[in-house]
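J.: Encoded as structure tokens, here's the structure I'll be asking about.
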Amino acid sequence: MRYLFSKTTLGVLATLTLSGAIADEASNKTDNEETSVERIRVYGEQGLSNSATRLGLSMADTPQTVTVVSRPHIEDFSLTSINDVLAFTPGVTVENIETDRTYYTARGFDIVNFQFDSVGVPFSSGLADGHQDSAIFEQVEVVKGAAGLITGLANPSATVNYIRKRPTQDTSASVALSLGENARGRLEGDLSGEITDSVRGRLVAVKDQGDSYLDRYSDDNNVFYGIVEADLSDSTLLTVGHSYNANNVKGSMSGALPLHYTDGSMTDYPVSTNTATDWAFRDTDRNSTFIELKQGLSKNWSLNAQYSRNKIAMESELFYTYELPDKDTEIGLLGYAYGYNMDEKQDIADVFVSGAIDAFGRKHELIVGYNYAQIDLFGLSLYNYTDGYPVLGANWADGSSAAMEFPDFDVFSTGHKDEQEHNSVYFATRLNVLDNFSILFGARHMKITQEGYNYGVVNESETEETVPYAGLVYHFSDNISAYGSYSEVFTPQNFIGRDYKSIGVAQGSNTELGVKYAFDDKLSSASFAMFRSELDNLAEFGEVIDGVNIYDGVTYDTEGLELELIGAVTNNLNVSAGATYLFHIEDDNGTAIRTYIPLKTVKVATSYYFDYIPALSVGASYRWQDDIYNAAGAVRVDQKAYSTVDAFARYQLNSNIDLALNVSNLLDKKYLTSLYWTQSYYAAPRQVQATIAWRY
């Protein structure tokens, strides 16, 4: 295997290792007793959450379904990317339409709501580019349903909240080396602790690179994250941080495999088949800088302010394939080469005051805030439509067809530009009417302006709306609570309709009823929810006309059930399990739409600790989805119900060193990554990875 780690990364990680080793040596000199093996690695999170309402409520007091993927869950199953994390999240589907572009869905709708540390980040396109590493996050919270109170883009799908790692009071350090198939290597370091009595810091660095099960595909990922917290006074906390995530890919797909031949019969290529050329690449860099101030105003009130600047830059040269081949000759695919460069900058500020009010003999919570976001996005496409490219030869899968040679990109250029300004004011309150009964309500008033163009078509709009939110929570006992919530939905969209004007705003509503149960030790919980969502004028891709992506405004609704169980259900068993059943995804005529989304899914992940071998833990995950299909092309394409199994084993040699073995797709199931489009490719076959980790 080959691992070409940079000098900078090795230097940072060597520093982490040395620092931890010095601390370890000091610890050994002062404590000769054998340290017991750590056994508490709880899945989920039973603490407070700001993801749904910003009120810092417990999960039981939040009137929506909240799923948490915790750091132990991430480490046990080696969920090194955000795609991996969300693929393990009950109720969420990950639609890998190409190797490096992804949609996420929940409850039948695309997820467009994302937060970092509970501050919303506008996600203008609904499409995620490149690899985003999970190493910098302590956990990922997913709030199901609409969350218009705390984000301007309120699809009734889900809100994903990435909770960054924070400095620890005590010194801790870790270094983990993972080696896998296809010359895959990953080196990850994490150092945290006090710098002075009032200042704490944390550094995370990752080098992850290797080839792939896909022909001609390889990637190189570099991650750096640094954060410093300073106690400016007993009531003032200042936090400054920066993260960098560079994802460099060779052999990146544009488009994907044809799913059927010209005669209508289905294709069945080897799992490794890739339509990309050996010169195709896609490089994506993400930089995020943030500063936070938390100021205590009194015993019950505090001021919170955060500013962040996010920059995303992508450069690519790709080869797009389309049309259908002949079954006997494999001739018929067309393709053209193009370059695409994109730069996006986001400036986001959020300020809110929160506290408690005494009234009618009880204490009630209140939050009032203001959010501002400025988004500047520019994309440039370079391609050659004048000369075009001939039909690809029968050897297209080898990347050696004459039409796939490196071309001249700058014959013709066009692009798109999008400038958005978001201004929002919001408030939320929880009225504790009784000891066991509370009412939550709030609203968010938004004004969003947009200017720009989309491949020659002017795209301008201005929208203003107030989105209300309400919820009820009743506690039957310390363990059982019931809730109901309602939120209106208001989603600005930057897509072009058939009149070559902005398609406008999607509006609708989201209703949810549920029951939650917390086990006596509060380390695990279960929930059951029923929901109904509807959305009007939602942009759905229609076709390409004169190089412009044209969207249609669709009205549709979903209804369904969700059941989840998460946490340490016994001293030996951790569980993260969920089942989702959508009754339907229908348009206003009662016709099934978005049929590429499974109506029924089951996801279960477990880990088990042995009493008689306390250093050993084993676990497995099971993911199942029912039939899906895509009927948008000339021939309907089906994917039958399928399931996948992952497994791991972890053994702690001592209190500092542990070994792990992970196997993904244990049964070597062959299946398509998505039917979101009329093209797709195959998911990874069985993969094995070994890890050695040192922790202090």
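Following the order of the structure tokens, first chain is A, next is B, and so on, with residues numbered from 1 inside each chain and ligands from 1 in the order they appear.
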Run DSSP on the backbone and tell me which residues of range 530-676 of chain A come out as strand (DSSP E or B); list them as a PyMOL selection string.
T.: chain A and resi 530-545+548-568+573-587+592+600-609+616-625+628-630+637-639+642-652+657-664+672
J.: Near Asn83 in chain A, within 8 Å and counting only C-alpha atoms, which residues show up once chain neighbours fewer than 2 positions away are dropped, as a PDB file with all heavy atoms, in the first residue's frame?
T.:
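Output file part-v6.pdb follows:
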ATOM      1  N   SER A  81     -17.130  10.202   6.818  1.00  0.00           N
ATOM      2  CA  SER A  81     -17.663  11.299   6.021  1.00  0.00           C
ATOM      3  C   SER A  81     -19.082  11.607   6.460  1.00  0.00           C
ATOM      4  O   SER A  81     -19.762  10.782   7.091  1.00  0.00           O
ATOM      5  CB  SER A  81     -17.648  10.956   4.528  1.00  0.00           C
ATOM      6  OG  SER A  81     -18.662  10.006   4.228  1.00  0.00           O
ATOM      7  N   VAL A  85     -22.296   9.251   7.871  1.00  0.00           N
ATOM      8  CA  VAL A  85     -23.096   9.540   9.067  1.00  0.00           C
ATOM      9  C   VAL A  85     -24.578   9.574   8.735  1.00  0.00           C
ATOM     10  O   VAL A  85     -25.406   8.958   9.420  1.00  0.00           O
ATOM     11  CB  VAL A  85     -22.654  10.876   9.697  1.00  0.00           C
ATOM     12  CG1 VAL A  85     -23.606  11.279  10.826  1.00  0.00           C
ATOM     13  CG2 VAL A  85     -21.230  10.772  10.227  1.00  0.00           C
ATOM     14  N   LEU A  86     -24.934  10.295   7.676  1.00  0.00           N
ATOM     15  CA  LEU A  86     -26.348  10.427   7.332  1.00  0.00           C
ATOM     16  C   LEU A  86     -26.910   9.121   6.782  1.00  0.00           C
ATOM     17  O   LEU A  86     -28.108   8.849   6.921  1.00  0.00           O
ATOM     18  CB  LEU A  86     -26.549  11.572   6.347  1.00  0.00           C
ATOM     19  CG  LEU A  86     -26.230  12.960   6.928  1.00  0.00           C
ATOM     20  CD1 LEU A  86     -26.433  14.038   5.870  1.00  0.00           C
ATOM     21  CD2 LEU A  86     -27.081  13.252   8.154  1.00  0.00           C
ATOM     22  N   ALA A  87     -26.079   8.283   6.161  1.00  0.00           N
ATOM     23  CA  ALA A  87     -26.553   6.980   5.700  1.00  0.00           C
ATOM     24  C   ALA A  87     -26.942   6.091   6.870  1.00  0.00           C
ATOM     25  O   ALA A  87     -27.786   5.204   6.729  1.00  0.00           O
ATOM     26  CB  ALA A  87     -25.473   6.302   4.862  1.00  0.00           C
ATOM     27  N   VAL A  94     -29.515   8.888   1.521  1.00  0.00           N
ATOM     28  CA  VAL A  94     -28.380   9.555   0.887  1.00  0.00           C
ATOM     29  C   VAL A  94     -28.393   9.178  -0.587  1.00  0.00           C
ATOM     30  O   VAL A  94     -28.208   8.011  -0.938  1.00  0.00           O
ATOM     31  CB  VAL A  94     -27.058   9.150   1.551  1.00  0.00           C
ATOM     32  CG1 VAL A  94     -25.878   9.784   0.828  1.00  0.00           C
ATOM     33  CG2 VAL A  94     -27.065   9.556   3.020  1.00  0.00           C
ATOM     34  N   HIS A 131     -16.355  15.565  -0.683  1.00  0.00           N
ATOM     35  CA  HIS A 131     -16.284  14.792   0.559  1.00  0.00           C
ATOM     36  C   HIS A 131     -16.175  15.753   1.723  1.00  0.00           C
ATOM     37  O   HIS A 131     -15.296  16.605   1.764  1.00  0.00           O
ATOM     38  CB  HIS A 131     -15.059  13.868   0.508  1.00  0.00           C
ATOM     39  CG  HIS A 131     -14.701  13.252   1.825  1.00  0.00           C
ATOM     40  ND1 HIS A 131     -15.035  11.956   2.149  1.00  0.00           N
ATOM     41  CD2 HIS A 131     -14.027  13.741   2.906  1.00  0.00           C
ATOM     42  CE1 HIS A 131     -14.581  11.675   3.363  1.00  0.00           C
ATOM     43  NE2 HIS A 131     -13.959  12.739   3.836  1.00  0.00           N
ATOM     44  N   GLN A 132     -17.071  15.612   2.703  1.00  0.00           N
ATOM     45  CA  GLN A 132     -16.987  16.396   3.926  1.00  0.00           C
ATOM     46  C   GLN A 132     -16.674  15.446   5.076  1.00  0.00           C
ATOM     47  O   GLN A 132     -17.438  14.533   5.364  1.00  0.00           O
ATOM     48  CB  GLN A 132     -18.296  17.143   4.181  1.00  0.00           C
ATOM     49  CG  GLN A 132     -18.642  18.147   3.094  1.00  0.00           C
ATOM     50  CD  GLN A 132     -19.904  18.914   3.425  1.00  0.00           C
ATOM     51  OE1 GLN A 132     -19.939  19.707   4.356  1.00  0.00           O
ATOM     52  NE2 GLN A 132     -20.957  18.685   2.641  1.00  0.00           N
TER      53      GLN A 132
END
J.: Give me the residues near Gly335 in chain A as an MDAnalysis selection string, where near means some atom within 8 Å (using only C-alpha atoms) and where sequence neighbours in that chain fewer than 5 positions away do not count.
T.: chainID A and resid 319:322 389:392 403:404
J.: Show me, as a PDB file with N, CA, C and O atoms, in the first residue's frame, the residues that have an atom within 7 Å of range 194-210 of chain A when counting only C-alpha atoms, minus same-chain residues fewer than 6 positions from it.
T.:
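Heads up, here's the output in selection_2.pdb:
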ATOM      1  N   PHE A   5       1.607  10.965   2.694  1.00  0.00           N
ATOM      2  CA  PHE A   5       1.194  11.997   3.617  1.00  0.00           C
ATOM      3  C   PHE A   5       2.133  13.199   3.497  1.00  0.00           C
ATOM      4  O   PHE A   5       3.353  13.069   3.410  1.00  0.00           O
ATOM      5  N   THR A   9       1.079  17.731   7.383  1.00  0.00           N
ATOM      6  CA  THR A   9       0.172  16.875   8.143  1.00  0.00           C
ATOM      7  C   THR A   9       0.937  15.988   9.099  1.00  0.00           C
ATOM      8  O   THR A   9       0.571  15.818  10.263  1.00  0.00           O
ATOM      9  N   LEU A  13       0.580  15.862  13.237  1.00  0.00           N
ATOM     10  CA  LEU A  13       0.225  14.624  13.910  1.00  0.00           C
ATOM     11  C   LEU A  13       1.357  14.131  14.809  1.00  0.00           C
ATOM     12  O   LEU A  13       1.118  13.564  15.869  1.00  0.00           O
ATOM     13  N   ILE A 136     -14.186  16.567  12.658  1.00  0.00           N
ATOM     14  CA  ILE A 136     -14.233  17.779  13.469  1.00  0.00           C
ATOM     15  C   ILE A 136     -15.515  17.895  14.282  1.00  0.00           C
ATOM     16  O   ILE A 136     -15.674  18.841  15.060  1.00  0.00           O
ATOM     17  N   ARG A 166     -15.314  20.740  20.865  1.00  0.00           N
ATOM     18  CA  ARG A 166     -14.930  21.885  21.678  1.00  0.00           C
ATOM     19  C   ARG A 166     -13.728  21.517  22.552  1.00  0.00           C
ATOM     20  O   ARG A 166     -13.495  20.335  22.850  1.00  0.00           O
ATOM     21  N   PRO A 167     -12.960  22.508  22.983  1.00  0.00           N
ATOM     22  CA  PRO A 167     -11.833  22.211  23.868  1.00  0.00           C
ATOM     23  C   PRO A 167     -12.301  21.594  25.176  1.00  0.00           C
ATOM     24  O   PRO A 167     -13.389  21.890  25.675  1.00  0.00           O
ATOM     25  N   THR A 168     -11.468  20.723  25.740  1.00  0.00           N
ATOM     26  CA  THR A 168     -11.752  20.101  27.024  1.00  0.00           C
ATOM     27  C   THR A 168     -10.886  20.725  28.110  1.00  0.00           C
ATOM     28  O   THR A 168      -9.811  21.270  27.826  1.00  0.00           O
ATOM     29  N   GLN A 169     -11.380  20.660  29.343  1.00  0.00           N
ATOM     30  CA  GLN A 169     -10.623  21.211  30.458  1.00  0.00           C
ATOM     31  C   GLN A 169      -9.364  20.376  30.710  1.00  0.00           C
ATOM     32  O   GLN A 169      -8.275  20.914  30.896  1.00  0.00           O
ATOM     33  N   ASP A 170      -9.538  19.068  30.704  1.00  0.00           N
ATOM     34  CA  ASP A 170      -8.403  18.166  30.920  1.00  0.00           C
ATOM     35  C   ASP A 170      -7.685  17.890  29.602  1.00  0.00           C
ATOM     36  O   ASP A 170      -8.293  17.896  28.525  1.00  0.00           O
ATOM     37  N   THR A 171      -6.404  17.623  29.710  1.00  0.00           N
ATOM     38  CA  THR A 171      -5.614  17.316  28.515  1.00  0.00           C
ATOM     39  C   THR A 171      -5.994  15.946  27.968  1.00  0.00           C
ATOM     40  O   THR A 171      -6.093  14.970  28.709  1.00  0.00           O
ATOM     41  N   ASN A 182      -7.777  -1.129  -1.486  1.00  0.00           N
ATOM     42  CA  ASN A 182      -7.564  -0.124  -2.533  1.00  0.00           C
ATOM     43  C   ASN A 182      -6.554   0.931  -2.101  1.00  0.00           C
ATOM     44  O   ASN A 182      -6.717   2.114  -2.396  1.00  0.00           O
ATOM     45  N   ALA A 183      -5.512   0.495  -1.386  1.00  0.00           N
ATOM     46  CA  ALA A 183      -4.441   1.391  -0.932  1.00  0.00           C
ATOM     47  C   ALA A 183      -4.980   2.564  -0.131  1.00  0.00           C
ATOM     48  O   ALA A 183      -4.458   3.669  -0.202  1.00  0.00           O
ATOM     49  N   ARG A 184      -6.033   2.316   0.658  1.00  0.00           N
ATOM     50  CA  ARG A 184      -6.654   3.362   1.448  1.00  0.00           C
ATOM     51  C   ARG A 184      -5.942   3.510   2.780  1.00  0.00           C
ATOM     52  O   ARG A 184      -5.701   2.537   3.499  1.00  0.00           O
ATOM     53  N   GLY A 185      -5.568   4.737   3.120  1.00  0.00           N
ATOM     54  CA  GLY A 185      -4.934   5.020   4.394  1.00  0.00           C
ATOM     55  C   GLY A 185      -5.514   6.278   5.012  1.00  0.00           C
ATOM     56  O   GLY A 185      -5.822   7.254   4.306  1.00  0.00           O
ATOM     57  N   ARG A 186      -5.669   6.268   6.328  1.00  0.00           N
ATOM     58  CA  ARG A 186      -6.210   7.428   7.047  1.00  0.00           C
ATOM     59  C   ARG A 186      -5.433   7.609   8.341  1.00  0.00           C
ATOM     60  O   ARG A 186      -5.260   6.658   9.117  1.00  0.00           O
ATOM     61  N   LEU A 187      -4.960   8.821   8.564  1.00  0.00           N
ATOM     62  CA  LEU A 187      -4.255   9.175   9.783  1.00  0.00           C
ATOM     63  C   LEU A 187      -4.980  10.361  10.405  1.00  0.00           C
ATOM     64  O   LEU A 187      -5.169  11.389   9.753  1.00  0.00           O
ATOM     65  N   GLU A 188      -5.413  10.208  11.655  1.00  0.00           N
ATOM     66  CA  GLU A 188      -6.240  11.227  12.305  1.00  0.00           C
ATOM     67  C   GLU A 188      -5.686  11.529  13.686  1.00  0.00           C
ATOM     68  O   GLU A 188      -5.382  10.614  14.463  1.00  0.00           O
ATOM     69  N   SER A 218      -9.606   7.936  -7.574  1.00  0.00           N
ATOM     70  CA  SER A 218      -8.837   8.041  -6.335  1.00  0.00           C
ATOM     71  C   SER A 218      -9.118   9.406  -5.723  1.00  0.00           C
ATOM     72  O   SER A 218      -9.531  10.344  -6.418  1.00  0.00           O
ATOM     73  N   ASP A 219      -8.902   9.514  -4.410  1.00  0.00           N
ATOM     74  CA  ASP A 219      -9.125  10.804  -3.761  1.00  0.00           C
ATOM     75  C   ASP A 219      -8.091  11.036  -2.676  1.00  0.00           C
ATOM     76  O   ASP A 219      -7.457  10.107  -2.164  1.00  0.00           O
ATOM     77  N   ASP A 220      -7.926  12.312  -2.340  1.00  0.00           N
ATOM     78  CA  ASP A 220      -6.939  12.752  -1.357  1.00  0.00           C
ATOM     79  C   ASP A 220      -7.612  13.845  -0.524  1.00  0.00           C
ATOM     80  O   ASP A 220      -7.979  14.899  -1.042  1.00  0.00           O
ATOM     81  N   ASN A 221      -7.801  13.571   0.778  1.00  0.00           N
ATOM     82  CA  ASN A 221      -8.519  14.486   1.656  1.00  0.00           C
ATOM     83  C   ASN A 221      -7.616  14.967   2.779  1.00  0.00           C
ATOM     84  O   ASN A 221      -6.955  14.171   3.449  1.00  0.00           O
ATOM     85  N   ASN A 222      -7.620  16.273   2.981  1.00  0.00           N
ATOM     86  CA  ASN A 222      -6.833  16.896   4.042  1.00  0.00           C
ATOM     87  C   ASN A 222      -7.748  17.775   4.883  1.00  0.00           C
ATOM     88  O   ASN A 222      -8.466  18.631   4.343  1.00  0.00           O
ATOM     89  N   VAL A 223      -7.700  17.570   6.196  1.00  0.00           N
ATOM     90  CA  VAL A 223      -8.589  18.289   7.107  1.00  0.00           C
ATOM     91  C   VAL A 223      -7.767  18.887   8.236  1.00  0.00           C
ATOM     92  O   VAL A 223      -6.876  18.231   8.791  1.00  0.00           O
ATOM     93  N   PHE A 224      -8.079  20.142   8.557  1.00  0.00           N
ATOM     94  CA  PHE A 224      -7.482  20.791   9.723  1.00  0.00           C
ATOM     95  C   PHE A 224      -8.565  21.592  10.439  1.00  0.00           C
ATOM     96  O   PHE A 224      -9.370  22.273   9.805  1.00  0.00           O
ATOM     97  N   TYR A 225      -8.566  21.491  11.758  1.00  0.00           N
ATOM     98  CA  TYR A 225      -9.541  22.223  12.562  1.00  0.00           C
ATOM     99  C   TYR A 225      -8.864  22.706  13.826  1.00  0.00           C
ATOM    100  O   TYR A 225      -8.200  21.937  14.531  1.00  0.00           O
ATOM    101  N   GLY A 226      -9.015  23.988  14.102  1.00  0.00           N
ATOM    102  CA  GLY A 226      -8.466  24.560  15.322  1.00  0.00           C
ATOM    103  C   GLY A 226      -9.491  25.448  15.995  1.00  0.00           C
ATOM    104  O   GLY A 226     -10.211  26.203  15.327  1.00  0.00           O
ATOM    105  N   ILE A 227      -9.566  25.375  17.324  1.00  0.00           N
ATOM    106  CA  ILE A 227     -10.531  26.178  18.076  1.00  0.00           C
ATOM    107  C   ILE A 227      -9.918  26.563  19.410  1.00  0.00           C
ATOM    108  O   ILE A 227      -9.215  25.773  20.044  1.00  0.00           O
ATOM    109  N   VAL A 228     -10.195  27.807  19.826  1.00  0.00           N
ATOM    110  CA  VAL A 228      -9.698  28.323  21.099  1.00  0.00           C
ATOM    111  C   VAL A 228     -10.858  28.962  21.846  1.00  0.00           C
ATOM    112  O   VAL A 228     -11.633  29.745  21.261  1.00  0.00           O
ATOM    113  N   GLU A 229     -10.994  28.620  23.123  1.00  0.00           N
ATOM    114  CA  GLU A 229     -11.970  29.251  24.009  1.00  0.00           C
ATOM    115  C   GLU A 229     -11.233  30.040  25.077  1.00  0.00           C
ATOM    116  O   GLU A 229     -10.225  29.570  25.623  1.00  0.00           O
ATOM    117  N   ALA A 230     -11.748  31.246  25.380  1.00  0.00           N
ATOM    118  CA  ALA A 230     -11.113  32.081  26.402  1.00  0.00           C
ATOM    119  C   ALA A 230     -12.178  32.626  27.346  1.00  0.00           C
ATOM    120  O   ALA A 230     -13.186  33.196  26.896  1.00  0.00           O
ATOM    121  N   ASP A 231     -11.949  32.452  28.639  1.00  0.00           N
ATOM    122  CA  ASP A 231     -12.832  33.050  29.650  1.00  0.00           C
ATOM    123  C   ASP A 231     -12.352  34.476  29.884  1.00  0.00           C
ATOM    124  O   ASP A 231     -11.402  34.716  30.644  1.00  0.00           O
TER     125      ASP A 231
END
J.: Just want the 10 Å neighbourhood of Ala337 in chain A, counted on only C-alpha atoms, with same-chain residues fewer than 3 positions away dropped. Output as a PyMOL selection string.
T.: chain A and resi 254+277+280+317-321+382-385+388-389+403-409
J.: Go ahead and save the picked residues with C-alpha atoms, as a JSON list (two decimals), in the first residue's frame.
T.:
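Wrote again-v3.json, looks like this:
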[["chain", "number", "residue", "atom", "x", "y", "z"],
["A", 254, "SER", "CA", -20.18, 13.46, -14.38],
["A", 277, "THR", "CA", -11.72, 9.47, -17.99],
["A", 280, "ALA", "CA", -11.09, 13.98, -15.13],
["A", 317, "GLU", "CA", -12.49, 19.11, -15.66],
["A", 318, "LEU", "CA", -15.04, 16.39, -16.34],
["A", 319, "PHE", "CA", -16.44, 14.12, -19.01],
["A", 320, "TYR", "CA", -20.23, 13.89, -19.17],
["A", 321, "THR", "CA", -21.84, 10.79, -20.69],
["A", 382, "LEU", "CA", -16.21, 25.85, -20.21],
["A", 383, "TYR", "CA", -17.08, 23.40, -22.96],
["A", 384, "ASN", "CA", -17.02, 22.69, -26.66],
["A", 385, "TYR", "CA", -20.43, 22.35, -28.32],
["A", 388, "GLY", "CA", -18.80, 18.12, -30.17],
["A", 389, "TYR", "CA", -17.70, 14.55, -29.67],
["A", 403, "ALA", "CA", -13.73, 10.53, -27.96],
["A", 404, "MET", "CA", -12.46, 10.59, -24.37],
["A", 405, "GLU", "CA", -9.06, 12.11, -25.09],
["A", 406, "PHE", "CA", -8.10, 15.33, -23.32],
["A", 407, "PRO", "CA", -9.87, 18.21, -25.15],
["A", 408, "ASP", "CA", -9.75, 21.96, -25.58],
["A", 409, "PHE", "CA", -12.15, 23.41, -22.99]]
J.: With distances taken over only C-alpha atoms, which residue among A:Gly108, A:Gly180, A:Pro156, A:Gly56 lies nearest Phe490 in chain A?
T.: A:Pro156
J.: Rank nothing, just name the residue among A:Ala568, A:Val645, A:Ala634, A:Val92 nearest to Leu523 in chain A, using only C-alpha atoms.
T.: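 Distance minimum relative to Leu523 in chain A lands on A:Ala568.
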J.: Extract, using only C-alpha atoms, all DNA, RNA and protein residues at most 7 Å from Phe109 in chain A, discarding same-chain residues fewer than 3 positions from it, and format them as a PyMOL selection string.
T.: chain A and resi 105-106+156-157
J.: What would the file look like if the residues just selected were written as a PDB file, in the first residue's frame with N, CA, C and O atoms?
T.:
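Output file part19.pdb is given in full below:
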ATOM      1  N   THR A 105     -32.429  13.206   1.554  1.00  0.00           N
ATOM      2  CA  THR A 105     -33.874  13.336   1.688  1.00  0.00           C
ATOM      3  C   THR A 105     -34.335  12.793   3.040  1.00  0.00           C
ATOM      4  O   THR A 105     -33.672  11.945   3.647  1.00  0.00           O
ATOM      5  N   ALA A 106     -35.477  13.295   3.491  1.00  0.00           N
ATOM      6  CA  ALA A 106     -36.151  12.788   4.684  1.00  0.00           C
ATOM      7  C   ALA A 106     -37.632  13.076   4.533  1.00  0.00           C
ATOM      8  O   ALA A 106     -38.022  14.150   4.052  1.00  0.00           O
ATOM      9  N   PRO A 156     -40.074  20.627   4.794  1.00  0.00           N
ATOM     10  CA  PRO A 156     -40.569  19.726   5.848  1.00  0.00           C
ATOM     11  C   PRO A 156     -39.870  18.374   5.825  1.00  0.00           C
ATOM     12  O   PRO A 156     -40.507  17.328   5.957  1.00  0.00           O
ATOM     13  N   SER A 157     -38.583  18.369   5.628  1.00  0.00           N
ATOM     14  CA  SER A 157     -37.784  17.147   5.563  1.00  0.00           C
ATOM     15  C   SER A 157     -37.057  16.949   6.887  1.00  0.00           C
ATOM     16  O   SER A 157     -37.470  16.156   7.730  1.00  0.00           O
TER      17      SER A 157
END
J.: So, with only C-alpha atoms as the atoms that count, which of A:Gly339, A:Pro598, A:Gly126, A:Gly442 lies closest to Ala147 in chain A?
T.: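 Ranked by minimum distance to Ala147 in chain A, first place goes to A:Gly442.
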J.: Would you pick out the contacts of Ala276 in chain A at 10 Å or less, using only C-alpha atoms, so that residues sharing its chain but fewer than 3 positions from it are not included, and give the list as a short mmCIF file (atom, residue, chain, number, x, y, z; two decimals) with N, CA and C atoms, in the first residue's frame?
T.:
data_model
loop_
_atom_site.label_atom_id
_atom_site.label_comp_id
_atom_site.auth_asym_id
_atom_site.auth_seq_id
_atom_site.Cartn_x
_atom_site.Cartn_y
_atom_site.Cartn_z
N THR A 99 -20.28 10.38 -8.20
CA THR A 99 -19.33 10.02 -7.17
C THR A 99 -19.10 11.16 -6.17
N LEU A 214 -13.86 1.78 -7.74
CA LEU A 214 -14.20 2.26 -9.08
C LEU A 214 -12.94 2.42 -9.92
N ASP A 215 -13.00 2.04 -11.17
CA ASP A 215 -11.87 2.19 -12.08
C ASP A 215 -11.47 3.65 -12.19
N ARG A 216 -10.17 3.91 -12.15
CA ARG A 216 -9.59 5.23 -12.41
C ARG A 216 -9.95 6.27 -11.37
N TYR A 217 -10.56 5.88 -10.27
CA TYR A 217 -10.99 6.84 -9.24
C TYR A 217 -10.06 6.78 -8.03
N LYS A 250 -9.55 12.33 -8.45
CA LYS A 250 -9.24 11.97 -9.83
C LYS A 250 -10.23 10.90 -10.28
N GLY A 251 -10.64 10.98 -11.55
CA GLY A 251 -11.60 10.02 -12.06
C GLY A 251 -13.01 10.27 -11.58
N SER A 252 -13.35 11.54 -11.31
CA SER A 252 -14.67 11.90 -10.81
C SER A 252 -15.72 11.78 -11.92
N MET A 253 -16.86 11.18 -11.60
CA MET A 253 -17.94 11.01 -12.57
C MET A 253 -18.68 12.32 -12.81
N SER A 254 -19.16 12.48 -14.05
CA SER A 254 -20.18 13.46 -14.38
C SER A 254 -21.22 12.71 -15.19
N GLY A 255 -22.46 12.70 -14.72
CA GLY A 255 -23.38 11.71 -15.23
C GLY A 255 -22.99 10.38 -14.60
N ALA A 256 -23.60 9.31 -15.06
CA ALA A 256 -23.30 8.00 -14.49
C ALA A 256 -23.64 6.92 -15.52
N THR A 273 -17.36 -0.28 -12.71
CA THR A 273 -17.47 0.50 -13.94
C THR A 273 -17.62 1.99 -13.65
N TRP A 279 -8.21 11.59 -17.02
CA TRP A 279 -7.79 12.97 -16.79
C TRP A 279 -8.84 13.78 -16.02
N ALA A 280 -10.03 13.25 -15.83
CA ALA A 280 -11.09 13.98 -15.13
C ALA A 280 -10.72 14.19 -13.66
N PHE A 281 -11.01 15.38 -13.14
CA PHE A 281 -10.76 15.64 -11.73
C PHE A 281 -11.80 16.61 -11.20
N LEU A 318 -14.24 17.59 -16.41
CA LEU A 318 -15.04 16.39 -16.34
C LEU A 318 -15.47 15.92 -17.72
N PHE A 319 -15.95 14.69 -17.76
CA PHE A 319 -16.44 14.12 -19.01
C PHE A 319 -17.85 13.58 -18.76
N TYR A 320 -18.82 14.23 -19.38
CA TYR A 320 -20.23 13.89 -19.17
C TYR A 320 -20.70 12.89 -20.22
N THR A 321 -21.31 11.80 -19.77
CA THR A 321 -21.84 10.79 -20.69
C THR A 321 -23.36 10.76 -20.61
N TRP A 396 -15.76 2.26 -24.03
CA TRP A 396 -15.94 3.45 -23.18
C TRP A 396 -15.70 3.15 -21.70
N ALA A 397 -16.05 1.95 -21.25
CA ALA A 397 -15.89 1.62 -19.84
C ALA A 397 -14.42 1.57 -19.42
N ASP A 398 -13.52 1.40 -20.38
CA ASP A 398 -12.09 1.40 -20.09
C ASP A 398 -11.50 2.81 -20.06
N GLY A 399 -12.34 3.80 -20.44
CA GLY A 399 -11.85 5.17 -20.51
C GLY A 399 -10.90 5.41 -21.66
N MET A 404 -12.69 10.24 -25.77
CA MET A 404 -12.46 10.59 -24.37
C MET A 404 -11.07 11.17 -24.15
#
J.: CA of Phe114 in chain A and CA of Lys311 in chain A, how far apart in Å?
T.: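 These two atoms are separated by 15.4 Å.
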